[in-house]
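Q: You'll find protein-v3.cif just under this line, and it carries mmCIF, C-alpha atoms.
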```
data_run
loop_
_atom_site.group_PDB
_atom_site.id
_atom_site.type_symbol
_atom_site.label_atom_id
_atom_site.label_comp_id
_atom_site.auth_asym_id
_atom_site.auth_seq_id
_atom_site.Cartn_x
_atom_site.Cartn_y
_atom_site.Cartn_z
ATOM 1 C CA MET B 1286 -15.196 -21.197 20.553
ATOM 2 C CA THR B 1287 -18.493 -22.846 19.688
ATOM 3 C CA THR B 1288 -18.597 -26.006 17.569
ATOM 4 C CA TRP B 1289 -19.412 -24.181 14.321
ATOM 5 C CA GLN B 1290 -16.708 -21.579 14.983
ATOM 6 C CA THR B 1291 -14.189 -24.371 15.507
ATOM 7 C CA ARG B 1292 -15.228 -25.983 12.222
ATOM 8 C CA VAL B 1293 -14.961 -22.702 10.301
ATOM 9 C CA HIS B 1294 -11.566 -22.018 11.876
ATOM 10 C CA GLY B 1295 -10.396 -25.485 10.875
ATOM 11 C CA LEU B 1296 -11.544 -24.955 7.295
ATOM 12 C CA LEU B 1297 -9.591 -21.704 6.958
ATOM 13 C CA TRP B 1298 -6.512 -22.214 9.136
ATOM 14 C CA GLU B 1299 -3.921 -24.935 9.656
ATOM 15 C CA PRO B 1300 -1.026 -25.378 12.107
ATOM 16 C CA ALA B 1301 2.238 -23.687 11.169
ATOM 17 C CA GLY B 1302 5.374 -25.686 10.451
ATOM 18 C CA ASP B 1303 7.036 -24.664 13.711
ATOM 19 C CA PRO B 1304 5.390 -25.885 16.928
ATOM 20 C CA GLY B 1305 3.940 -23.019 18.946
ATOM 21 C CA SER B 1306 3.763 -20.661 15.952
ATOM 22 C CA PRO B 1307 0.432 -19.055 15.009
ATOM 23 C CA THR B 1308 -1.752 -20.919 12.541
ATOM 24 C CA VAL B 1309 -1.485 -20.066 8.845
ATOM 25 C CA LEU B 1310 -4.136 -19.668 6.172
ATOM 26 C CA ARG B 1311 -4.971 -22.828 4.232
ATOM 27 C CA ALA B 1312 -4.098 -22.849 0.517
ATOM 28 C CA HIS B 1313 -7.720 -22.814 -0.698
ATOM 29 C CA ALA B 1314 -8.382 -19.596 1.279
ATOM 30 C CA VAL B 1315 -5.348 -17.662 0.032
ATOM 31 C CA TYR B 1316 -6.646 -16.429 -3.317
ATOM 32 C CA PRO B 1317 -10.088 -15.392 -2.029
ATOM 33 C CA LEU B 1318 -8.295 -13.267 0.574
ATOM 34 C CA ILE B 1319 -5.975 -11.814 -2.086
ATOM 35 C CA ALA B 1320 -9.059 -10.935 -4.154
ATOM 36 C CA VAL B 1321 -10.583 -9.145 -1.149
ATOM 37 C CA VAL B 1322 -7.358 -7.184 -0.553
ATOM 38 C CA VAL B 1323 -7.098 -6.185 -4.232
ATOM 39 C CA ILE B 1324 -10.704 -4.979 -4.328
ATOM 40 C CA LEU B 1325 -10.404 -3.068 -1.032
ATOM 41 C CA LEU B 1326 -7.215 -1.284 -2.105
ATOM 42 C CA GLY B 1327 -8.306 -0.672 -5.692
ATOM 43 C CA LEU B 1328 -11.697 0.784 -4.784
ATOM 44 C CA ASN B 1329 -10.042 3.047 -2.247
ATOM 45 C CA TRP B 1330 -8.509 5.298 -4.920
ATOM 46 C CA PRO B 1331 -11.761 6.896 -6.135
ATOM 47 C CA PHE B 1332 -13.059 6.896 -2.542
ATOM 48 C CA MET B 1333 -10.026 8.925 -1.437
ATOM 49 C CA ALA B 1334 -10.633 11.420 -4.238
ATOM 50 C CA ILE B 1335 -14.285 11.804 -3.231
ATOM 51 C CA GLY B 1336 -13.361 12.290 0.443
ATOM 52 C CA LEU B 1337 -10.970 15.105 -0.473
ATOM 53 C CA ARG B 1338 -13.907 17.123 -1.807
ATOM 54 C CA SER B 1339 -15.083 17.622 1.784
ATOM 55 C CA ILE B 1340 -12.017 17.022 3.987
ATOM 56 C CA SER B 1341 -8.520 18.465 3.683
ATOM 57 C CA ALA B 1342 -5.608 16.192 2.816
ATOM 58 C CA VAL B 1343 -3.939 16.439 6.248
ATOM 59 C CA TRP B 1344 -7.152 15.552 8.098
ATOM 60 C CA MET B 1345 -7.859 12.687 5.676
ATOM 61 C CA VAL B 1346 -4.424 11.273 6.510
ATOM 62 C CA SER B 1347 -5.108 11.718 10.230
ATOM 63 C CA PHE B 1348 -8.508 10.018 10.073
ATOM 64 C CA ARG B 1349 -7.062 7.128 8.054
ATOM 65 C CA LEU B 1350 -4.176 6.547 10.458
ATOM 66 C CA ILE B 1351 -6.386 6.774 13.549
ATOM 67 C CA GLY B 1352 -8.883 4.310 12.072
ATOM 68 C CA ALA B 1353 -6.102 1.930 11.042
ATOM 69 C CA THR B 1354 -4.504 2.177 14.502
ATOM 70 C CA LEU B 1355 -7.728 1.199 16.267
ATOM 71 C CA THR B 1356 -8.430 -1.609 13.780
ATOM 72 C CA LEU B 1357 -4.941 -3.120 13.929
ATOM 73 C CA PHE B 1358 -4.723 -2.939 17.714
ATOM 74 C CA ALA B 1359 -8.032 -4.825 17.836
ATOM 75 C CA ILE B 1360 -6.822 -7.463 15.335
ATOM 76 C CA ALA B 1361 -3.471 -7.898 17.090
ATOM 77 C CA ALA B 1362 -5.176 -8.257 20.480
ATOM 78 C CA ALA B 1363 -7.726 -10.729 19.122
ATOM 79 C CA THR B 1364 -4.994 -12.893 17.540
ATOM 80 C CA GLY B 1365 -2.742 -12.731 20.593
ATOM 81 C CA ARG B 1366 0.108 -10.918 18.795
ATOM 82 C CA LEU B 1367 -0.021 -7.587 20.592
ATOM 83 C CA ALA B 1368 3.274 -6.846 22.352
ATOM 84 C CA ARG B 1369 5.497 -3.836 22.881
ATOM 85 C CA PRO B 1370 8.262 -3.470 20.258
ATOM 86 C CA ALA B 1371 11.710 -4.683 21.260
ATOM 87 C CA ARG B 1372 14.626 -2.245 21.083
ATOM 88 C CA GLY B 1373 16.028 -4.073 18.069
ATOM 89 C CA ASP B 1374 12.836 -3.315 16.131
ATOM 90 C CA TYR B 1375 12.868 0.423 16.865
ATOM 91 C CA PRO B 1376 14.560 1.322 13.521
ATOM 92 C CA ILE B 1377 11.965 -0.494 11.404
ATOM 93 C CA VAL B 1378 9.113 0.870 13.521
ATOM 94 C CA ALA B 1379 10.372 4.430 12.948
ATOM 95 C CA SER B 1380 11.096 3.843 9.254
ATOM 96 C CA VAL B 1381 7.635 2.493 8.455
ATOM 97 C CA ALA B 1382 5.808 4.992 10.694
ATOM 98 C CA VAL B 1383 7.575 8.157 9.570
ATOM 99 C CA PHE B 1384 8.271 7.440 5.903
ATOM 100 C CA ARG B 1385 5.971 4.664 4.627
ATOM 101 C CA LEU B 1386 2.891 5.851 6.520
ATOM 102 C CA SER B 1387 3.064 9.546 7.489
ATOM 103 C CA LEU B 1388 5.059 10.910 4.565
ATOM 104 C CA VAL B 1389 3.748 8.641 1.800
ATOM 105 C CA PHE B 1390 0.103 9.051 2.850
ATOM 106 C CA MET B 1391 0.535 12.834 2.970
ATOM 107 C CA LEU B 1392 2.150 12.951 -0.474
ATOM 108 C CA VAL B 1393 -0.573 10.750 -1.966
ATOM 109 C CA PHE B 1394 -3.499 12.715 -0.517
ATOM 110 C CA LEU B 1395 -1.968 16.055 -1.540
ATOM 111 C CA ALA B 1396 -1.360 14.723 -5.056
ATOM 112 C CA LEU B 1397 -4.922 13.402 -5.318
ATOM 113 C CA GLU B 1398 -6.132 16.994 -5.117
ATOM 114 C CA ILE B 1399 -4.422 17.476 -8.492
ATOM 115 C CA VAL B 1400 -4.023 14.132 -10.309
ATOM 116 C CA PRO B 1401 -6.953 11.776 -11.125
ATOM 117 C CA PRO B 1402 -7.141 8.749 -8.777
ATOM 118 C CA GLY B 1403 -6.749 6.028 -11.421
ATOM 119 C CA ARG B 1404 -3.584 7.569 -12.829
ATOM 120 C CA SER B 1405 -2.355 8.166 -9.272
ATOM 121 C CA SER B 1406 -2.783 4.470 -8.415
ATOM 122 C CA ILE B 1407 -0.566 3.479 -11.355
ATOM 123 C CA LEU B 1408 2.219 5.899 -10.439
ATOM 124 C CA VAL B 1409 2.231 4.928 -6.750
ATOM 125 C CA TRP B 1410 2.302 1.215 -7.541
ATOM 126 C CA THR B 1411 5.518 1.699 -9.536
ATOM 127 C CA SER B 1412 7.254 1.369 -6.159
ATOM 128 C CA SER B 1413 8.184 -2.224 -7.024
ATOM 129 C CA LEU B 1414 10.185 -0.899 -9.980
ATOM 130 C CA TRP B 1415 12.175 1.544 -7.856
ATOM 131 C CA THR B 1416 12.937 -1.185 -5.331
ATOM 132 C CA VAL B 1417 15.294 -2.734 -7.884
ATOM 133 C CA PRO B 1418 17.907 0.068 -8.267
ATOM 134 C CA ILE B 1419 17.703 0.878 -4.541
ATOM 135 C CA ALA B 1420 18.312 -2.762 -3.623
ATOM 136 C CA VAL B 1421 21.242 -2.862 -6.065
ATOM 137 C CA ALA B 1422 22.785 0.243 -4.479
ATOM 138 C CA VAL B 1423 22.085 -0.575 -0.816
ATOM 139 C CA LEU B 1424 21.956 -4.369 -0.618
ATOM 140 C CA ARG B 1425 24.403 -4.981 -3.478
ATOM 141 C CA GLU B 1426 21.871 -7.177 -5.280
ATOM 142 C CA ARG B 1427 22.786 -8.152 -8.846
ATOM 143 C CA MET B 1428 21.145 -6.326 -11.759
ATOM 144 C CA SER B 1429 20.264 -9.104 -14.207
ATOM 145 C CA ARG B 1430 19.163 -8.730 -17.827
ATOM 146 C CA LEU B 1431 15.579 -9.547 -16.835
ATOM 147 C CA ARG B 1432 15.623 -6.824 -14.190
ATOM 148 C CA TRP B 1433 16.968 -4.291 -16.675
ATOM 149 C CA LEU B 1434 14.201 -5.263 -19.101
ATOM 150 C CA GLY B 1435 11.591 -4.898 -16.367
ATOM 151 C CA LEU B 1436 12.923 -1.490 -15.329
ATOM 152 C CA VAL B 1437 12.944 -0.211 -18.920
ATOM 153 C CA ALA B 1438 9.381 -1.470 -19.496
ATOM 154 C CA GLY B 1439 8.208 0.145 -16.260
ATOM 155 C CA VAL B 1440 9.826 3.496 -16.956
ATOM 156 C CA GLY B 1441 8.323 3.406 -20.445
ATOM 157 C CA GLY B 1442 4.941 2.793 -18.857
ATOM 158 C CA ILE B 1443 5.409 5.810 -16.593
ATOM 159 C CA LEU B 1444 6.086 7.995 -19.647
ATOM 160 C CA PHE B 1445 2.837 6.809 -21.219
ATOM 161 C CA VAL B 1446 0.912 7.523 -18.007
ATOM 162 C CA PHE B 1447 2.365 11.033 -17.961
ATOM 163 C CA GLU B 1448 1.206 11.573 -21.555
ATOM 164 C CA PRO B 1449 3.957 14.162 -22.127
ATOM 165 C CA THR B 1450 2.415 15.445 -25.367
ATOM 166 C CA ARG B 1451 -0.853 16.299 -23.581
ATOM 167 C CA LEU B 1452 0.646 17.467 -20.282
ATOM 168 C CA ASP B 1453 0.605 21.194 -19.607
ATOM 169 C CA TRP B 1454 4.287 21.682 -18.769
ATOM 170 C CA SER B 1455 3.644 25.289 -17.784
ATOM 171 C CA ASP B 1456 1.296 24.200 -14.971
ATOM 172 C CA THR B 1457 3.639 23.717 -12.015
ATOM 173 C CA ARG B 1458 0.766 22.392 -9.878
ATOM 174 C CA VAL B 1459 0.183 19.461 -12.256
ATOM 175 C CA LEU B 1460 3.912 18.714 -12.411
ATOM 176 C CA LEU B 1461 4.100 18.862 -8.616
ATOM 177 C CA GLY B 1462 1.211 16.424 -8.258
ATOM 178 C CA HIS B 1463 2.825 13.837 -10.538
ATOM 179 C CA GLY B 1464 6.179 14.409 -8.836
ATOM 180 C CA MET B 1465 4.700 13.806 -5.374
ATOM 181 C CA LEU B 1466 3.237 10.476 -6.527
ATOM 182 C CA LEU B 1467 6.566 9.313 -7.949
ATOM 183 C CA LEU B 1468 8.334 10.475 -4.783
ATOM 184 C CA ALA B 1469 5.829 8.466 -2.736
ATOM 185 C CA ALA B 1470 6.638 5.414 -4.865
ATOM 186 C CA VAL B 1471 10.405 5.876 -4.410
ATOM 187 C CA ILE B 1472 10.028 6.324 -0.615
ATOM 188 C CA THR B 1473 7.887 3.180 -0.466
ATOM 189 C CA ALA B 1474 10.596 1.319 -2.377
ATOM 190 C CA GLY B 1475 13.265 2.557 0.024
ATOM 191 C CA VAL B 1476 11.295 1.390 3.048
ATOM 192 C CA THR B 1477 10.719 -1.964 1.310
ATOM 193 C CA VAL B 1478 14.483 -2.406 1.011
ATOM 194 C CA HIS B 1479 14.834 -1.542 4.703
ATOM 195 C CA ILE B 1480 12.162 -4.140 5.531
ATOM 196 C CA ARG B 1481 14.096 -6.737 3.516
ATOM 197 C CA SER B 1482 17.374 -6.013 5.303
ATOM 198 C CA HIS B 1483 15.995 -5.646 8.841
ATOM 199 C CA THR B 1484 16.452 -8.502 11.312
ATOM 200 C CA TRP B 1485 12.978 -8.875 12.762
ATOM 201 C CA ILE B 1486 12.384 -9.648 16.434
ATOM 202 C CA ALA B 1487 8.594 -9.241 16.531
ATOM 203 C CA THR B 1488 6.260 -10.181 13.678
ATOM 204 C CA PRO B 1489 5.244 -7.473 11.176
ATOM 205 C CA LEU B 1490 1.629 -7.747 12.347
ATOM 206 C CA GLY B 1491 2.755 -7.287 15.949
ATOM 207 C CA LEU B 1492 4.554 -4.058 15.051
ATOM 208 C CA LEU B 1493 1.965 -2.567 12.701
ATOM 209 C CA PRO B 1494 -0.386 -1.161 15.376
ATOM 210 C CA TRP B 1495 2.547 0.689 16.965
ATOM 211 C CA GLN B 1496 3.729 1.966 13.590
ATOM 212 C CA MET B 1497 0.241 3.264 12.831
ATOM 213 C CA LEU B 1498 0.021 4.917 16.249
ATOM 214 C CA ILE B 1499 3.424 6.586 15.918
ATOM 215 C CA ALA B 1500 2.415 7.846 12.472
ATOM 216 C CA ALA B 1501 -1.015 9.072 13.614
ATOM 217 C CA VAL B 1502 0.144 11.199 16.555
ATOM 218 C CA PRO B 1503 2.366 13.746 14.716
ATOM 219 C CA ILE B 1504 0.034 13.938 11.699
ATOM 220 C CA THR B 1505 -2.943 14.688 13.948
ATOM 221 C CA ALA B 1506 -0.888 17.260 15.873
ATOM 222 C CA LEU B 1507 0.143 18.864 12.569
ATOM 223 C CA ALA B 1508 -3.482 18.995 11.434
ATOM 224 C CA LEU B 1509 -4.541 20.693 14.658
ATOM 225 C CA VAL B 1510 -1.717 23.249 14.501
ATOM 226 C CA VAL B 1511 -2.050 24.070 10.796
ATOM 227 C CA GLU B 1512 -5.817 23.854 10.306
ATOM 228 C CA GLY B 1513 -7.380 23.563 13.762
ATOM 229 C CA ILE B 1514 -10.430 21.439 14.494
ATOM 230 C CA PRO B 1515 -12.066 20.856 11.108
ATOM 231 C CA THR B 1516 -15.565 21.999 10.237
ATOM 232 C CA ILE B 1517 -16.978 19.132 8.194
ATOM 233 C CA ASP B 1518 -20.461 18.610 6.808
ATOM 234 C CA TRP B 1519 -20.728 14.955 7.759
ATOM 235 C CA THR B 1520 -22.998 12.858 5.579
ATOM 236 C CA ALA B 1521 -23.562 9.110 5.674
ATOM 237 C CA GLY B 1522 -21.471 8.725 2.531
ATOM 238 C CA LEU B 1523 -18.574 10.775 3.893
ATOM 239 C CA VAL B 1524 -18.594 8.850 7.178
ATOM 240 C CA GLY B 1525 -18.520 5.639 5.151
ATOM 241 C CA ILE B 1526 -15.502 6.824 3.163
ATOM 242 C CA VAL B 1527 -13.574 7.795 6.312
ATOM 243 C CA VAL B 1528 -14.389 4.483 7.996
ATOM 244 C CA TYR B 1529 -13.435 2.633 4.805
ATOM 245 C CA GLN B 1530 -10.048 4.404 4.805
ATOM 246 C CA GLY B 1531 -9.076 3.331 8.291
ATOM 247 C CA VAL B 1532 -10.834 -0.013 8.728
ATOM 248 C CA ALA B 1533 -11.009 -1.588 5.259
ATOM 249 C CA ALA B 1534 -8.243 -0.055 3.132
ATOM 250 C CA SER B 1535 -5.662 0.168 5.935
ATOM 251 C CA GLY B 1536 -6.544 -2.168 8.803
ATOM 252 C CA ILE B 1537 -8.150 -5.163 7.078
ATOM 253 C CA ALA B 1538 -6.207 -4.867 3.805
ATOM 254 C CA ILE B 1539 -2.831 -4.687 5.553
ATOM 255 C CA TRP B 1540 -3.768 -7.589 7.838
ATOM 256 C CA GLY B 1541 -4.816 -9.519 4.727
ATOM 257 C CA GLN B 1542 -1.510 -8.882 2.960
ATOM 258 C CA LEU B 1543 0.526 -10.042 5.954
ATOM 259 C CA THR B 1544 -1.700 -13.085 6.456
ATOM 260 C CA VAL B 1545 -1.300 -14.112 2.820
ATOM 261 C CA LEU B 1546 2.476 -13.588 2.910
ATOM 262 C CA ARG B 1547 2.749 -16.032 5.829
ATOM 263 C CA ALA B 1548 1.018 -18.734 3.785
ATOM 264 C CA HIS B 1549 1.955 -17.963 0.183
ATOM 265 C CA PRO B 1550 5.196 -17.253 -1.739
ATOM 266 C CA ALA B 1551 6.137 -13.582 -1.756
ATOM 267 C CA ILE B 1552 6.639 -13.483 -5.539
ATOM 268 C CA SER B 1553 3.195 -14.939 -6.272
ATOM 269 C CA THR B 1554 1.590 -12.595 -3.752
ATOM 270 C CA SER B 1555 3.284 -9.538 -5.254
ATOM 271 C CA LEU B 1556 2.247 -10.526 -8.774
ATOM 272 C CA ALA B 1557 -1.365 -10.981 -7.655
ATOM 273 C CA LEU B 1558 -1.376 -7.587 -5.911
ATOM 274 C CA MET B 1559 -0.414 -5.935 -9.196
ATOM 275 C CA ALA B 1560 -4.147 -6.110 -9.941
ATOM 276 C CA VAL B 1561 -4.671 -3.213 -7.483
ATOM 277 C CA PRO B 1562 -3.952 -0.388 -10.000
ATOM 278 C CA VAL B 1563 -6.123 -2.214 -12.549
ATOM 279 C CA VAL B 1564 -9.040 -2.072 -10.115
ATOM 280 C CA GLY B 1565 -8.046 1.488 -9.166
ATOM 281 C CA LEU B 1566 -8.114 2.707 -12.771
ATOM 282 C CA THR B 1567 -11.313 0.832 -13.664
ATOM 283 C CA SER B 1568 -13.223 1.860 -10.537
ATOM 284 C CA SER B 1569 -12.124 5.486 -10.973
ATOM 285 C CA ALA B 1570 -13.550 5.469 -14.495
ATOM 286 C CA ILE B 1571 -16.854 4.102 -13.181
ATOM 287 C CA ILE B 1572 -17.183 6.016 -9.894
ATOM 288 C CA VAL B 1573 -15.652 9.434 -10.638
ATOM 289 C CA ASP B 1574 -15.814 9.405 -14.458
ATOM 290 C CA GLU B 1575 -12.060 9.481 -14.963
ATOM 291 C CA SER B 1576 -11.231 9.336 -18.664
ATOM 292 C CA LEU B 1577 -9.314 6.263 -19.843
ATOM 293 C CA THR B 1578 -6.999 7.241 -22.695
ATOM 294 C CA VAL B 1579 -5.151 4.667 -24.769
ATOM 295 C CA ALA B 1580 -1.836 6.033 -23.481
ATOM 296 C CA VAL B 1581 -2.775 5.602 -19.805
ATOM 297 C CA VAL B 1582 -4.040 2.039 -20.366
ATOM 298 C CA LEU B 1583 -0.891 1.159 -22.333
ATOM 299 C CA GLY B 1584 1.194 2.726 -19.568
ATOM 300 C CA LEU B 1585 -0.582 0.554 -17.006
ATOM 301 C CA VAL B 1586 0.177 -2.575 -19.059
ATOM 302 C CA LEU B 1587 3.857 -1.660 -19.358
ATOM 303 C CA VAL B 1588 4.167 -0.895 -15.629
ATOM 304 C CA LEU B 1589 2.552 -4.236 -14.764
ATOM 305 C CA ALA B 1590 4.849 -6.001 -17.217
ATOM 306 C CA GLY B 1591 7.888 -4.306 -15.693
ATOM 307 C CA VAL B 1592 6.914 -5.298 -12.171
ATOM 308 C CA ALA B 1593 6.152 -8.856 -13.306
ATOM 309 C CA LEU B 1594 9.569 -9.204 -14.955
ATOM 310 C CA ASN B 1595 11.306 -8.006 -11.799
ATOM 311 C CA ARG B 1596 9.313 -10.430 -9.656
ATOM 312 C CA ILE B 1597 10.232 -13.289 -11.993
ATOM 313 C CA ALA B 1598 13.870 -12.227 -11.740
ATOM 314 C CA ASP B 1599 13.537 -12.329 -7.941
ATOM 315 C CA ALA B 1600 12.144 -15.855 -8.161
ATOM 316 C CA ARG B 1601 15.018 -17.014 -10.380
ATOM 317 C CA THR B 1602 17.554 -15.450 -8.028
ATOM 318 C CA ALA B 1603 15.978 -17.146 -5.009
ATOM 319 C CA SER B 1604 15.867 -20.554 -6.705
ATOM 320 C CA GLY B 1605 19.385 -20.208 -8.103
#
```
I'd like the structure from this file rewritten - as structure tokens, please.
A:
Amino acid sequence: MTTWQTRVHGLLWEPAGDPGSPTVLRAHAVYPLIAVVVILLGLNWPFMAIGLRSISAVWMVSFRLIGATLTLFAIAAATGRLARPARGDYPIVASVAVFRLSLVFMLVFLALEIVPPGRSSILVWTSSLWTVPIAVAVLRERMSRLRWLGLVAGVGGILFVFEPTRLDWSDTRVLLGHGMLLLAAVITAGVTVHIRSHTWIATPLGLLPWQMLIAAVPITALALVVEGIPTIDWTAGLVGIVVYQGVAASGIAIWGQLTVLRAHPAISTSLALMAVPVVGLTSSAIIVDESLTVAVVLGLVLVLAGVALNRIADARTASG
């Protein structure tokens, strides 16, 4: 590295606690990176909705996974963390690739053809709420009073987001769209519990490129079989959205989350990332003119409160 590159690297990174381990982000750089991740993920919700006007859901998932695969392989190679997965990591590689990436992405993109992006972002980010009962059932974690309060607040928020008095219960397509988003959140929660319980051999960043690749191959094959080679009217804006999906919202944002988690407490990181649906709802109102009703905003507040209470309960459990 040149002299100025060395200085910049020294300003942003510091040696890890264990000798020989990769450097970690310095404290003063953590929150700027969290802000970047929140903005990238939040803005992606209206961008996904716009992309679906020109590209089918299955091809949008394929393009996103391919872009993320290329980006993460490049990042892993540049940071010296690219290695083949060990046999002991095969279960977590398959779990994340098949369920968290392929299935969840497909559910989300299909639902976005029906449900507005801001509301979708709130429902998907309820995954932290569903982690609690799954962890209680699978990992035998204790259900404290604070966790119960958080779960009740979160479920109440979901009811507000649904706006049951305004929802057309005879429209099965609308019900299916909301159901797919909640299913995506529950699947994400289940994979999160698996991630917690898995004994890691490689680092999460080292495995992510392989998980993206394993997810991209069957989805792309499915797209080719079901829809064939797509006929797309490519514009500069549409190319930008597709590139944003793979590089910014998947590759860089996921790298940013993992980088922050290595340098910052998990509870604090999770609480900060709760700003994503706030940005998602706000940007959707600005970019795609999504209406912001009082019920949806109140639902967002209750969901955030529920997640925050559960994260605080996690912190108390860890310190106790």
Q: Can you tell me, as number ranges by chain, what residues are no more than 12 Å from Gly1442 in chain B when counting all atoms listed in the file, ignoring any on the same chain fewer than 4 positions away?
A: B: 1404, 1407-1408, 1410-1411, 1414, 1435-1438, 1446-1449, 1579-1592
Q: Residues within 10 Å of range 1369-1382 of chain B, please, as a PyMOL selection string. Count all atoms listed in the file; anything in the same chain fewer than 5 positions from it doesn't count.
A: chain B and resi 1387-1389+1473+1475-1477+1479-1480+1482-1489+1491-1501
Q: Around (-5.4, -8.6, 5.5), as given in the file, which residues come within 12 Å? Count all atoms listed in the file and list them as an MDAnalysis selection string.
A: chainID B and resid 1310 1315:1326 1353 1356:1357 1360:1361 1490 1493 1532:1547
Q: Where does the PyMOL selection byres ((chain B and resi 1345) around 12) land in this file, that is, which residues does it pick, as a PyMOL selection string?
A: chain B and resi 1332-1344+1346-1352+1387+1390-1395+1397-1398+1501+1504-1505+1508+1515+1517+1523-1524+1526-1531
Q: Kindly provide, as a ChimeraX atom specification, the polymer residues lying within 7 Å of (-10.3, 3.6, -12.1), counting only C-alpha atoms and using the coordinates exactly as they appear in the file.
A: /B:1331,1402-1403,1564-1571,1575
Q: Separation of CA of Arg1451 in chain B and CA of Gly1327 in chain B, in Å?
A: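 Between CA of Arg1451 in chain B and CA of Gly1327 in chain B the gap works out to 25.8 Å.
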Q: Hey, can you check how far CA of Val1440 in chain B sits from CA of Leu1328 in chain B?
A: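 Here the two named atoms are 24.9 Å from each other.
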Q: Missing atoms in range 1514-1519 of chain B: fill them in up to all heavy atoms and send the result as an mmCIF file, in the coordinates of the input.
A:
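That gives us selection.cif:
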```cif
data_model
loop_
_atom_site.group_PDB
_atom_site.id
_atom_site.type_symbol
_atom_site.label_atom_id
_atom_site.label_comp_id
_atom_site.auth_asym_id
_atom_site.auth_seq_id
_atom_site.Cartn_x
_atom_site.Cartn_y
_atom_site.Cartn_z
ATOM 1 N N ILE B 1514 -9.368 22.441 14.542
ATOM 2 C CA ILE B 1514 -10.430 21.439 14.494
ATOM 3 C C ILE B 1514 -11.264 21.667 13.237
ATOM 4 O O ILE B 1514 -11.759 22.767 13.001
ATOM 5 C CB ILE B 1514 -11.313 21.518 15.750
ATOM 6 C CG1 ILE B 1514 -10.480 21.220 16.997
ATOM 7 C CG2 ILE B 1514 -12.495 20.548 15.645
ATOM 8 C CD1 ILE B 1514 -11.237 21.373 18.295
ATOM 9 N N PRO B 1515 -11.402 20.638 12.402
ATOM 10 C CA PRO B 1515 -12.066 20.856 11.108
ATOM 11 C C PRO B 1515 -13.579 21.039 11.240
ATOM 12 O O PRO B 1515 -14.217 20.459 12.114
ATOM 13 C CB PRO B 1515 -11.747 19.561 10.344
ATOM 14 C CG PRO B 1515 -11.608 18.524 11.416
ATOM 15 C CD PRO B 1515 -10.968 19.246 12.589
ATOM 16 N N THR B 1516 -14.111 21.849 10.352
ATOM 17 C CA THR B 1516 -15.565 21.999 10.237
ATOM 18 C C THR B 1516 -16.002 21.198 9.019
ATOM 19 O O THR B 1516 -15.727 21.581 7.872
ATOM 20 C CB THR B 1516 -15.958 23.476 10.060
ATOM 21 O OG1 THR B 1516 -15.478 24.216 11.189
ATOM 22 C CG2 THR B 1516 -17.467 23.625 9.970
ATOM 23 N N ILE B 1517 -16.649 20.073 9.262
ATOM 24 C CA ILE B 1517 -16.978 19.132 8.194
ATOM 25 C C ILE B 1517 -18.477 18.881 8.169
ATOM 26 O O ILE B 1517 -19.100 18.664 9.211
ATOM 27 C CB ILE B 1517 -16.224 17.796 8.388
ATOM 28 C CG1 ILE B 1517 -14.703 18.036 8.393
ATOM 29 C CG2 ILE B 1517 -16.605 16.801 7.284
ATOM 30 C CD1 ILE B 1517 -13.902 16.825 8.797
ATOM 31 N N ASP B 1518 -19.045 18.923 6.984
ATOM 32 C CA ASP B 1518 -20.461 18.610 6.808
ATOM 33 C C ASP B 1518 -20.588 17.092 6.650
ATOM 34 O O ASP B 1518 -20.552 16.559 5.538
ATOM 35 C CB ASP B 1518 -21.010 19.339 5.577
ATOM 36 C CG ASP B 1518 -22.500 19.090 5.384
ATOM 37 O OD1 ASP B 1518 -23.152 18.603 6.337
ATOM 38 O OD2 ASP B 1518 -23.008 19.361 4.280
ATOM 39 N N TRP B 1519 -20.721 16.419 7.782
ATOM 40 C CA TRP B 1519 -20.728 14.955 7.759
ATOM 41 C C TRP B 1519 -22.028 14.416 7.158
ATOM 42 O O TRP B 1519 -23.114 14.765 7.588
ATOM 43 C CB TRP B 1519 -20.550 14.405 9.167
ATOM 44 C CG TRP B 1519 -19.182 14.621 9.737
ATOM 45 C CD1 TRP B 1519 -18.815 15.544 10.667
ATOM 46 C CD2 TRP B 1519 -17.987 13.909 9.395
ATOM 47 N NE1 TRP B 1519 -17.474 15.460 10.941
ATOM 48 C CE2 TRP B 1519 -16.939 14.460 10.176
ATOM 49 C CE3 TRP B 1519 -17.693 12.874 8.525
ATOM 50 C CZ2 TRP B 1519 -15.626 14.006 10.093
ATOM 51 C CZ3 TRP B 1519 -16.391 12.412 8.440
ATOM 52 C CH2 TRP B 1519 -15.376 12.976 9.222
#
```
